[in-house]
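> Input file: my_file_24.cif. Contents: mmCIF, C-alpha atoms.
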data_work
loop_
_atom_site.label_atom_id
_atom_site.label_comp_id
_atom_site.auth_asym_id
_atom_site.auth_seq_id
_atom_site.Cartn_x
_atom_site.Cartn_y
_atom_site.Cartn_z
CA MET A 26 174.06 40.44 89.90
CA THR A 27 172.72 43.52 88.16
CA THR A 28 169.30 43.39 86.54
CA PRO A 29 169.60 43.35 82.73
CA THR A 30 168.27 46.40 80.97
CA ARG A 31 165.27 46.17 78.71
CA CYS A 32 163.97 48.41 75.96
CA GLY A 33 160.64 48.01 74.22
CA PHE A 34 158.77 50.01 71.59
CA VAL A 35 155.03 50.25 72.29
CA ALA A 36 152.43 51.53 69.83
CA LEU A 37 149.26 53.07 71.24
CA ILE A 38 146.44 52.53 68.75
CA GLY A 39 142.71 53.11 68.86
CA ALA A 40 139.80 55.00 67.42
CA PRO A 41 139.84 58.81 67.49
CA ASN A 42 139.21 60.29 70.95
CA ALA A 43 139.97 57.04 72.78
CA GLY A 44 142.41 58.98 74.97
CA LYS A 45 145.77 57.93 73.51
CA SER A 46 147.48 61.29 73.96
CA THR A 47 146.21 61.63 77.53
CA LEU A 48 147.50 58.13 78.27
CA LEU A 49 150.89 58.91 76.72
CA ASN A 50 151.29 61.97 78.92
CA GLN A 51 150.41 59.90 82.00
CA LEU A 52 152.86 57.15 81.09
CA VAL A 53 155.69 59.62 80.50
CA GLY A 54 154.86 61.78 83.51
CA GLN A 55 154.70 65.06 81.60
CA LYS A 56 153.14 66.61 78.54
CA VAL A 57 154.57 65.43 75.25
CA ALA A 58 151.33 65.20 73.22
CA ILE A 59 148.54 67.73 72.87
CA VAL A 60 145.03 66.98 74.12
CA THR A 61 141.83 68.70 72.95
CA HIS A 62 138.09 68.15 72.74
CA LYS A 63 138.36 67.45 69.03
CA VAL A 64 138.75 63.92 67.72
CA GLN A 65 141.69 63.24 65.39
CA THR A 66 143.80 65.86 67.16
CA THR A 67 147.00 63.81 66.87
CA ARG A 68 148.30 63.99 63.31
CA THR A 69 151.67 62.33 63.57
CA ARG A 70 153.46 59.71 65.60
CA ILE A 71 154.55 61.36 68.84
CA THR A 72 157.23 59.46 70.75
CA GLY A 73 157.16 59.46 74.54
CA ILE A 74 159.85 57.77 76.63
CA ALA A 75 159.25 56.33 80.11
CA LEU A 76 161.26 54.28 82.60
CA ASP A 77 160.08 51.43 84.80
CA GLY A 78 162.90 49.91 86.83
CA ALA A 79 165.53 48.62 84.43
CA ALA A 80 163.19 48.94 81.44
CA GLN A 81 162.90 51.83 79.02
CA LEU A 82 159.59 52.02 77.17
CA VAL A 83 159.36 54.02 73.96
CA PHE A 84 155.71 54.83 73.30
CA LEU A 85 154.35 55.81 69.91
CA ASP A 86 151.16 57.87 70.19
CA THR A 87 149.61 57.24 66.80
CA PRO A 88 146.81 59.18 65.13
CA GLY A 89 143.35 57.74 65.69
CA ILE A 90 142.40 55.05 63.18
CA PHE A 91 139.28 55.88 61.19
CA GLN A 92 137.96 55.67 57.62
CA PRO A 93 140.15 58.15 55.71
CA LYS A 94 138.68 60.51 53.14
CA ARG A 95 141.34 63.15 52.45
CA ARG A 96 145.08 62.87 51.77
CA LEU A 97 145.84 64.07 55.30
CA ASP A 98 143.45 61.44 56.70
CA ARG A 99 145.16 58.70 54.66
CA ALA A 100 148.60 59.82 55.84
CA MET A 101 147.47 59.82 59.47
CA VAL A 102 145.94 56.35 59.31
CA SER A 103 148.99 55.04 57.45
CA ALA A 104 151.22 56.40 60.22
CA ALA A 105 149.10 54.65 62.84
CA TRP A 106 149.32 51.22 61.22
CA GLU A 107 153.01 51.68 60.41
CA GLY A 108 153.63 52.42 64.09
CA ALA A 109 151.78 49.27 65.11
CA GLY A 110 153.75 47.19 62.64
CA ASP A 111 157.12 48.50 63.83
CA ALA A 112 156.48 48.10 67.57
CA ASP A 113 157.47 45.29 69.92
CA MET A 114 154.10 45.59 71.65
CA VAL A 115 150.76 47.15 70.79
CA VAL A 116 148.28 48.64 73.24
CA LEU A 117 144.74 48.90 71.89
CA LEU A 118 142.98 51.68 73.76
CA VAL A 119 139.19 51.50 73.76
CA ASP A 120 136.81 54.09 75.17
CA ALA A 121 134.82 51.84 77.51
CA ALA A 122 131.86 54.20 77.54
CA ALA A 123 131.61 54.13 73.74
CA GLY A 124 132.14 50.37 73.50
CA VAL A 125 132.78 48.50 70.26
CA THR A 126 132.04 51.16 67.68
CA ASP A 127 132.35 50.61 63.93
CA GLU A 128 135.84 52.12 64.11
CA VAL A 129 136.89 49.77 66.92
CA GLN A 130 135.49 46.78 65.02
CA ALA A 131 137.43 47.81 61.90
CA ILE A 132 140.65 47.90 63.97
CA LEU A 133 139.89 44.43 65.40
CA ASP A 134 139.26 43.08 61.90
CA ARG A 135 142.58 44.40 60.64
CA LEU A 136 144.43 43.06 63.68
CA ALA A 137 142.90 39.67 63.00
CA ASP A 138 144.06 39.79 59.38
CA SER A 139 147.59 40.67 60.49
CA ASP A 140 147.67 37.98 63.19
CA ARG A 141 148.83 40.61 65.70
CA ARG A 142 147.98 40.23 69.40
CA VAL A 143 147.61 43.26 71.62
CA VAL A 144 147.29 44.46 75.19
CA LEU A 145 143.81 45.90 75.74
CA ALA A 146 143.39 49.03 77.82
CA LEU A 147 139.77 49.92 78.56
CA ASN A 148 139.78 53.66 79.21
CA LYS A 149 137.31 56.03 80.89
CA ILE A 150 136.13 53.26 83.21
CA ASP A 151 134.49 55.81 85.52
CA ARG A 152 131.86 56.43 82.84
CA ILE A 153 130.46 52.90 82.65
CA ARG A 154 128.75 50.53 85.08
CA ARG A 155 130.88 47.67 86.38
CA ASP A 156 128.69 44.91 84.94
CA SER A 157 128.76 46.56 81.52
CA LEU A 158 132.53 47.02 81.79
CA LEU A 159 133.08 43.35 82.57
CA ALA A 160 130.82 42.31 79.70
CA LEU A 161 132.74 44.56 77.30
CA SER A 162 136.05 43.19 78.54
CA GLN A 163 134.89 39.61 77.99
CA ARG A 164 133.53 40.42 74.53
CA LEU A 165 136.86 41.87 73.42
CA PHE A 166 138.91 39.12 75.08
CA ASP A 167 136.85 36.51 73.24
CA THR A 168 138.15 37.85 69.89
CA GLY A 169 141.35 35.90 70.57
CA LEU A 170 143.44 38.99 69.86
CA ILE A 171 144.02 40.04 73.46
CA ASP A 172 146.99 38.99 75.60
CA ALA A 173 146.04 40.99 78.69
CA VAL A 174 143.35 43.45 79.79
CA PHE A 175 143.79 46.59 81.89
CA MET A 176 141.03 48.89 83.09
CA ILE A 177 142.30 52.43 83.37
CA SER A 178 141.53 56.11 83.51
CA ALA A 179 144.10 57.93 81.42
CA LEU A 180 142.80 61.21 82.84
CA THR A 181 143.28 60.40 86.54
CA GLY A 182 146.04 57.82 86.15
CA ASP A 183 144.06 54.96 87.72
CA GLY A 184 145.54 51.65 86.54
CA VAL A 185 148.19 53.30 84.36
CA GLU A 186 151.15 52.24 86.52
CA ASP A 187 149.98 48.62 86.41
CA LEU A 188 149.81 48.82 82.62
CA LYS A 189 153.29 50.35 82.41
CA HIS A 190 154.75 47.72 84.73
CA HIS A 191 153.24 44.93 82.63
CA LEU A 192 154.73 46.37 79.44
CA ALA A 193 158.12 46.79 81.12
CA GLY A 194 158.12 43.11 82.04
CA ARG A 195 157.47 42.15 78.42
CA ALA A 196 160.09 44.47 76.92
CA PRO A 197 162.97 42.65 75.20
CA GLU A 198 166.34 42.62 76.93
CA GLY A 199 168.77 45.11 75.45
CA PRO A 200 170.35 48.54 75.89
CA TRP A 201 168.28 51.68 76.25
CA HIS A 202 167.86 53.67 73.05
CA TYR A 203 167.68 57.08 74.71
CA PRO A 204 169.38 58.89 77.61
CA GLU A 205 167.78 58.41 81.02
CA ASP A 206 166.41 61.97 81.21
CA GLN A 207 164.94 62.16 77.68
CA VAL A 208 161.13 62.02 77.51
CA THR A 209 160.49 62.50 73.77
CA ASP A 210 162.29 62.50 70.44
CA VAL A 211 159.99 65.13 68.95
CA THR A 212 161.88 68.26 67.90
CA GLN A 213 161.27 71.38 69.93
CA ARG A 214 160.07 73.19 66.80
CA LEU A 215 157.38 70.59 66.15
CA LEU A 216 156.34 70.36 69.79
CA ALA A 217 156.05 74.15 69.96
CA ALA A 218 153.82 74.15 66.87
CA GLU A 219 151.69 71.37 68.35
CA ILE A 220 151.19 73.28 71.60
CA THR A 221 149.98 76.36 69.71
CA ARG A 222 147.65 74.16 67.62
CA GLU A 223 146.27 72.75 70.86
CA LYS A 224 145.43 76.27 72.07
CA VAL A 225 143.69 77.06 68.77
CA TYR A 226 141.53 73.94 69.06
CA LEU A 227 140.77 74.41 72.75
CA ARG A 228 139.61 77.99 72.24
CA LEU A 229 137.98 77.71 68.81
CA HIS A 230 136.92 74.06 68.52
CA GLN A 231 133.29 75.00 67.87
CA GLU A 232 134.13 77.60 65.23
CA LEU A 233 137.03 76.15 63.25
CA PRO A 234 137.17 72.94 61.22
CA TYR A 235 140.20 70.68 61.08
CA ALA A 236 141.64 72.66 58.18
CA VAL A 237 144.12 74.53 60.37
CA THR A 238 147.74 73.80 61.13
CA VAL A 239 150.63 75.58 62.82
CA GLU A 240 154.17 75.88 61.51
CA THR A 241 157.23 77.07 63.43
CA GLU A 242 158.97 79.27 60.88
CA ASP A 243 161.81 80.64 62.97
CA TRP A 244 163.56 79.66 66.21
CA GLN A 245 166.30 81.79 67.72
CA ASP A 246 168.12 80.96 70.95
CA ARG A 247 169.09 84.28 72.51
CA ALA A 248 172.17 85.17 74.53
CA ASP A 249 170.09 85.90 77.65
CA GLY A 250 168.83 82.29 77.73
CA SER A 251 165.41 83.05 76.26
CA VAL A 252 164.10 81.87 72.91
CA ARG A 253 162.36 83.82 70.14
CA ILE A 254 159.79 81.75 68.23
CA GLU A 255 157.84 82.83 65.16
CA GLN A 256 154.90 80.69 64.10
CA VAL A 257 152.32 80.78 61.33
CA ILE A 258 148.78 79.54 61.85
CA HIS A 259 147.65 78.30 58.43
CA VAL A 260 143.91 78.45 57.68
CA THR A 261 142.09 77.73 54.44
CA ARG A 262 139.66 80.69 54.27
CA ASP A 263 139.62 84.42 54.98
CA THR A 264 136.67 83.91 57.33
CA HIS A 265 138.77 81.50 59.40
CA LYS A 266 141.57 84.05 59.56
CA GLY A 267 139.17 86.55 61.06
CA ILE A 268 138.05 84.02 63.67
CA VAL A 269 141.61 83.27 64.75
CA ILE A 270 142.58 86.94 64.96
CA GLY A 271 139.37 88.04 66.65
CA LYS A 272 138.05 91.54 67.19
CA GLY A 273 140.94 93.92 67.64
CA GLY A 274 143.34 90.96 67.62
CA ARG A 275 142.12 89.82 71.04
CA THR A 276 141.73 86.12 70.16
CA LEU A 277 145.19 85.87 68.64
CA LYS A 278 146.67 87.62 71.66
CA ALA A 279 144.93 85.18 74.03
CA LEU A 280 146.16 82.22 71.97
CA GLY A 281 149.70 83.56 72.12
CA GLU A 282 149.57 84.09 75.88
CA ALA A 283 148.29 80.56 76.51
CA ALA A 284 150.85 78.95 74.20
CA ARG A 285 153.67 81.07 75.62
CA ALA A 286 152.84 79.97 79.15
CA ASP A 287 152.93 76.28 78.23
CA LEU A 288 156.10 76.66 76.19
CA GLY A 289 157.85 78.53 78.96
CA ALA A 290 157.05 75.76 81.43
CA LEU A 291 158.06 73.05 78.96
CA LEU A 292 161.33 74.65 77.87
CA GLU A 293 162.09 76.04 81.34
CA ARG A 294 163.11 79.44 79.99
CA PRO A 295 161.50 82.70 78.85
CA VAL A 296 159.72 82.47 75.51
CA HIS A 297 159.07 85.35 73.10
CA LEU A 298 156.31 84.04 70.85
CA PHE A 299 155.09 85.82 67.73
CA LEU A 300 152.03 84.44 65.93
CA HIS A 301 150.89 85.23 62.41
CA VAL A 302 147.81 83.99 60.59
CA ARG A 303 148.06 83.12 56.91
CA VAL A 304 145.41 81.94 54.46
CA THR A 305 146.87 78.88 52.73
CA PRO A 306 143.95 77.14 50.99
CA ASP A 307 145.96 74.11 49.91
CA TRP A 308 148.26 73.60 52.90
CA ALA A 309 146.99 70.01 53.30
CA ASP A 310 148.27 69.25 49.78
CA LYS A 311 151.80 70.56 50.28
CA ARG A 312 154.55 67.98 50.79
CA ASP A 313 156.54 70.31 53.08
CA HIS A 314 153.80 70.28 55.72
CA TYR A 315 153.74 66.49 55.74
CA ARG A 316 157.50 66.35 56.19
CA ASP A 317 157.31 68.84 59.06
CA MET A 318 154.60 66.72 60.74
CA GLY A 319 156.63 63.54 60.28
CA LEU A 320 154.03 62.04 57.95
CA ASP A 321 154.60 60.21 54.69
CA TRP A 322 153.12 61.67 51.52
CA VAL A 323 150.22 59.38 50.60
CA GLU A 324 148.57 59.58 47.19
#
Could you render the structure as structure tokens?

Amino acid sequence: MTTPTRCGFVALIGAPNAGKSTLLNQLVGQKVAIVTHKVQTTRTRITGIALDGAAQLVFLDTPGIFQPKRRLDRAMVSAAWEGAGDADMVVLLVDAAAGVTDEVQAILDRLADSDRRVVLALNKIDRIRRDSLLALSQRLFDTGLIDAVFMISALTGDGVEDLKHHLAGRAPEGPWHYPEDQVTDVTQRLLAAEITREKVYLRLHQELPYAVTVETEDWQDRADGSVRIEQVIHVTRDTHKGIVIGKGGRTLKALGEAARADLGALLERPVHLFLHVRVTPDWADKRDHYRDMGLDWVE
């Protein structure tokens, strides 16, 4: 008899910088979400698709849950909780070294109010002593919200396969939602913009605030198999524009080279990338940007 197929939707939730995007990339086996030093890097729900035996797991990498202040913050947090509500299973990722922060406690309180149980993944276990790790695990398990606990390192992959196998076993029986070789449902235009935004944050994270976004304005598939991509890096001030461009355009050139390399590897074809920097003071209040990021407009 053939093993019945399973398909489960899994939301990854947690405080900012818990390592959700790094975990998603490990689970999928390739890069589908950007990773930077900055917290709150993920702004939308990124879908990653992984297989484990006869099970297909559709992971939703949600923005970090925190106390929102701006419209963009509110839209990001709304997307995170919406993803948790829609999923068959929820994985709560906690930075073990940071422990139960105010943000983690707020997530636990909301989970308790919603009567939702979760799988706990304690991440960055190499940064905490074993006795402290066990005490943290017990403290969180005692909340009554936890079905299972996994101790992992999203960065190295330690424990990640065990977590994936557990989720596969809990996935509901049913047909797969995506083809076997598909690893994400994010459009190439959005993923390309996210990769360039990653390079901006990695290079300029100490100089630029969060008020920067990247938009793919044009995408042309060429007859020779290459692709021509034009992107705009939106900043809110003239001073930020100067930082992104750099002296003699050197910073912008370096950003383009780094993004082009990643895009070429991801798309498996030559990429001609053209970057422009535009001062758009109110980009975070424009509905079009929210639609492009897959976020709902939140008043």
> Kindly indicate which residue among A:Leu161, A:Ile150, A:Val257, A:Ala193 lies nearest to A:Gly281, using all atoms listed in the file for the distances.
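Among the listed residues, A:Val257 lies closest to A:Gly281.
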> Residue by residue, what does the PyMOL selection byres ((chain A and resi 252) around 8) grab here? Present the result as a list of chain:residue names.
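Written out, the selection comes to A:Trp244, A:Gln245, A:Asp246, A:Arg247, A:Gly250, A:Ser251, A:Arg253, A:Ile254, A:Arg294, A:Pro295, A:Val296, A:His297.
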> Set the distance at 8 Å and use all atoms listed in the file: which residues neighbour stretch 112-127 of chain A once local chain neighbours fewer than 3 positions away are removed? I'd like the list as a PDB file with C-alpha atoms, keeping the file's coordinate frame.

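The resulting file, part.pdb, is reproduced below:
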ATOM      1  CA  GLY A  33     160.640  48.010  74.220  1.00  0.00           C
ATOM      2  CA  PHE A  34     158.770  50.010  71.590  1.00  0.00           C
ATOM      3  CA  VAL A  35     155.030  50.250  72.290  1.00  0.00           C
ATOM      4  CA  ALA A  36     152.430  51.530  69.830  1.00  0.00           C
ATOM      5  CA  LEU A  37     149.260  53.070  71.240  1.00  0.00           C
ATOM      6  CA  ILE A  38     146.440  52.530  68.750  1.00  0.00           C
ATOM      7  CA  GLY A  39     142.710  53.110  68.860  1.00  0.00           C
ATOM      8  CA  ALA A  40     139.800  55.000  67.420  1.00  0.00           C
ATOM      9  CA  ASN A  42     139.210  60.290  70.950  1.00  0.00           C
ATOM     10  CA  ALA A  43     139.970  57.040  72.780  1.00  0.00           C
ATOM     11  CA  GLY A  44     142.410  58.980  74.970  1.00  0.00           C
ATOM     12  CA  LYS A  45     145.770  57.930  73.510  1.00  0.00           C
ATOM     13  CA  GLY A 108     153.630  52.420  64.090  1.00  0.00           C
ATOM     14  CA  ALA A 109     151.780  49.270  65.110  1.00  0.00           C
ATOM     15  CA  GLN A 130     135.490  46.780  65.020  1.00  0.00           C
ATOM     16  CA  ALA A 131     137.430  47.810  61.900  1.00  0.00           C
ATOM     17  CA  ARG A 142     147.980  40.230  69.400  1.00  0.00           C
ATOM     18  CA  VAL A 143     147.610  43.260  71.620  1.00  0.00           C
ATOM     19  CA  VAL A 144     147.290  44.460  75.190  1.00  0.00           C
ATOM     20  CA  LEU A 145     143.810  45.900  75.740  1.00  0.00           C
ATOM     21  CA  ALA A 146     143.390  49.030  77.820  1.00  0.00           C
ATOM     22  CA  LEU A 147     139.770  49.920  78.560  1.00  0.00           C
ATOM     23  CA  ASN A 148     139.780  53.660  79.210  1.00  0.00           C
ATOM     24  CA  LYS A 149     137.310  56.030  80.890  1.00  0.00           C
ATOM     25  CA  ILE A 150     136.130  53.260  83.210  1.00  0.00           C
ATOM     26  CA  ARG A 152     131.860  56.430  82.840  1.00  0.00           C
ATOM     27  CA  ILE A 153     130.460  52.900  82.650  1.00  0.00           C
ATOM     28  CA  LEU A 158     132.530  47.020  81.790  1.00  0.00           C
ATOM     29  CA  LEU A 161     132.740  44.560  77.300  1.00  0.00           C
ATOM     30  CA  LEU A 192     154.730  46.370  79.440  1.00  0.00           C
ATOM     31  CA  ALA A 196     160.090  44.470  76.920  1.00  0.00           C
TER      32      ALA A 196
END
> Given only C-alpha atoms as the basis, pick out the residue of A:Thr264, A:Gln207, A:Thr221, A:Gln51 nearest to A:Leu288.
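Counting only C-alpha atoms, the residue closest to A:Leu288 is A:Thr221.
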> Tell me which of A:Ala286, A:Leu85, A:Ile220, A:Ala75 sits closest to A:Glu240, counting only C-alpha atoms.
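Selected residue with least distance to A:Glu240: A:Ile220.
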